[in-house]
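Working notes, beginning with the structure itself.
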Amino acid sequence: MPESLNDKTLDKQLDFLREIDQLKSVIRKSPLIDRSRRENSAEHSWHLAMYALILKDSSDQDINLDRVIKMLLIHDIVEIDAGDHPLHETIDNSHQDEAERKAAERIFGLLPTSQGEELKALWYEFEAAESYDAVFAKSLDRLQPLIHNVATNGGTWVEGNVGHEQVKQRYGSVISAGSKRIWSLVQKLVSQHFQK
């Protein structure tokens, strides 16, 4: 019987799926667009997968949509152990990077070896932006909270006292690396927001 079909493999897969349910409890700073509450990291990951599906044709390079969606669905799983650290907060990046690496090893290690190694490799690729798939995925990860902030009259920008220039610096290079067209459009939205 192939590894993917035996009971031990299925047990490991179900353990992983139960474990990642905790991502629903990781609350992000970003509000929902209706401002009823803050989104959780699982909702964020799902929304990013939808961004990829809908915006794939805006990518500056050819991408493998399947790989991009996989990266976006798994990129924040490490927050189960390491927590969410918003863009506009100052943290010890070396400590955070180490906490996330340990989380990746533990959580992806719950899966059967071949599956766990595949997802862990995708997670590392996303983190390092080693491929165009990862660059586009990262651009969407930066785009979605920007869209939420514009739609919620500043959202986390207001909370973090973030100005127009900081938004351009923190979002612009990452989003434009994946899609100059998207950045061209959304920087107009950002400018309109700060001109209010």
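Going through the structure tokens in order, the chains are called A, B, and so on, while each chain numbers its residues from 1 and the ligands are numbered from 1 in the order shown.
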
- Item | A:Glu165 environment, 12 Å, only C-alpha atoms, sequence neighbours closer than 4 positions dropped, as JSON, numbers by chain | {"A": [157, 161, 169, 170, 171, 172, 187, 190, 191, 194]}

- Go through chain A and collect every residue that DSSP, computed from the backbone, puts in strand (DSSP E); the answer should be as an NGL selection string. :A and (27-31 or 38-40)

Could those residues be written to a file, using N, CA and C atoms, as an mmCIF file, in the first residue's frame?
data_model
loop_
_atom_site.group_PDB
_atom_site.id
_atom_site.type_symbol
_atom_site.label_atom_id
_atom_site.label_comp_id
_atom_site.auth_asym_id
_atom_site.auth_seq_id
_atom_site.Cartn_x
_atom_site.Cartn_y
_atom_site.Cartn_z
ATOM 1 N N ILE A 27 -5.584 36.200 16.065
ATOM 2 C CA ILE A 27 -6.275 37.417 15.646
ATOM 3 C C ILE A 27 -5.254 38.426 15.129
ATOM 4 N N ARG A 28 -5.502 38.926 13.954
ATOM 5 C CA ARG A 28 -4.643 39.918 13.320
ATOM 6 C C ARG A 28 -5.084 41.332 13.716
ATOM 7 N N LYS A 29 -4.263 42.297 13.413
ATOM 8 C CA LYS A 29 -4.621 43.699 13.668
ATOM 9 C C LYS A 29 -5.630 44.212 12.650
ATOM 10 N N SER A 30 -5.603 43.662 11.443
ATOM 11 C CA SER A 30 -6.464 44.159 10.363
ATOM 12 C C SER A 30 -7.943 43.923 10.662
ATOM 13 N N PRO A 31 -8.743 44.971 10.518
ATOM 14 C CA PRO A 31 -10.188 44.786 10.687
ATOM 15 C C PRO A 31 -10.800 44.187 9.429
ATOM 16 N N ARG A 38 -11.790 42.152 14.113
ATOM 17 C CA ARG A 38 -10.518 41.929 13.432
ATOM 18 C C ARG A 38 -10.553 40.546 12.767
ATOM 19 N N GLU A 39 -9.856 40.428 11.650
ATOM 20 C CA GLU A 39 -9.820 39.129 10.974
ATOM 21 C C GLU A 39 -8.859 38.195 11.702
ATOM 22 N N ASN A 40 -9.049 36.896 11.498
ATOM 23 C CA ASN A 40 -8.078 35.945 12.034
ATOM 24 C C ASN A 40 -7.169 35.484 10.890
#

- Item | Proximity to A:Ile147 - best of A:Lys120, A:Lys196, A:His47, A:His85, only C-alpha atoms |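 Smallest separation from A:Ile147 among the options: A:His47.
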
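Proximity ranking of A:Trp123, A:Val68, A:Gly109, A:Gln144 relative to A:Asp15 places A:Gly109 first, based on only C-alpha atoms.
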
- Query: Tell me, which residues of stretch 8-179 of chain A carry DSSP helix (DSSP H, G or I), written as an NGL selection string?
  - Reply: :A and (8-25 or 41-58 or 65-74 or 79-82 or 93-108 or 113-128 or 132-151 or 155-159 or 164-178)

- Message: Env of A:Met71: 10 Å cut, atoms = only C-alpha atoms, seq-sep filter 5 positions within chain, self excluded. Answer as JSON, numbers by chain.
- Response: {"A": [45, 48, 49, 65, 66, 76, 119, 120, 121, 122, 123, 124, 125, 126, 127, 133, 134, 137, 138]}

- Query: If you count only C-alpha atoms, which residues fall within 8 Å of A:Glu79, apart from same-chain ones fewer than 4 positions away, as number ranges by chain?
  - Reply: A: 23, 26, 41, 83-84, 100, 103

Print the selection's residues with N, CA and C atoms to a file, as a PDB file, in the first residue's frame.
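Resulting contents of part-v3.pdb:
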ATOM      1  N   LEU A  23      -5.192  28.161  13.838  1.00  0.00           N
ATOM      2  CA  LEU A  23      -4.946  29.398  13.098  1.00  0.00           C
ATOM      3  C   LEU A  23      -6.176  30.313  13.126  1.00  0.00           C
ATOM      4  N   VAL A  26      -5.821  32.911  15.885  1.00  0.00           N
ATOM      5  CA  VAL A  26      -4.775  33.933  15.819  1.00  0.00           C
ATOM      6  C   VAL A  26      -5.407  35.193  15.226  1.00  0.00           C
ATOM      7  N   SER A  41      -6.088  34.829  11.256  1.00  0.00           N
ATOM      8  CA  SER A  41      -5.082  34.460  10.259  1.00  0.00           C
ATOM      9  C   SER A  41      -5.584  33.425   9.262  1.00  0.00           C
ATOM     10  N   GLY A  83       2.871  33.510  16.735  1.00  0.00           N
ATOM     11  CA  GLY A  83       2.024  34.690  16.803  1.00  0.00           C
ATOM     12  C   GLY A  83       2.101  35.540  15.547  1.00  0.00           C
ATOM     13  N   ASP A  84       1.172  36.476  15.441  1.00  0.00           N
ATOM     14  CA  ASP A  84       1.143  37.404  14.321  1.00  0.00           C
ATOM     15  C   ASP A  84       1.915  38.655  14.715  1.00  0.00           C
ATOM     16  N   GLU A 100       9.573  31.415  14.067  1.00  0.00           N
ATOM     17  CA  GLU A 100       8.811  30.922  12.912  1.00  0.00           C
ATOM     18  C   GLU A 100       9.452  29.673  12.311  1.00  0.00           C
ATOM     19  N   ALA A 103       8.520  26.822  14.498  1.00  0.00           N
ATOM     20  CA  ALA A 103       7.109  26.502  14.280  1.00  0.00           C
ATOM     21  C   ALA A 103       6.920  25.721  12.986  1.00  0.00           C
TER      22      ALA A 103
END

- atom CA of A:Val150 and atom CA of A:Ser59, how far apart in Å?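 Answer for the atom CA of A:Ser59 to atom CA of A:Val150 separation: 21.7 Å.
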
- Nearest to A:Phe108, restricted to only C-alpha atoms and choosing among A:Trp46, A:Tyr51, A:Trp183, A:Phe16, comes out as A:Phe16
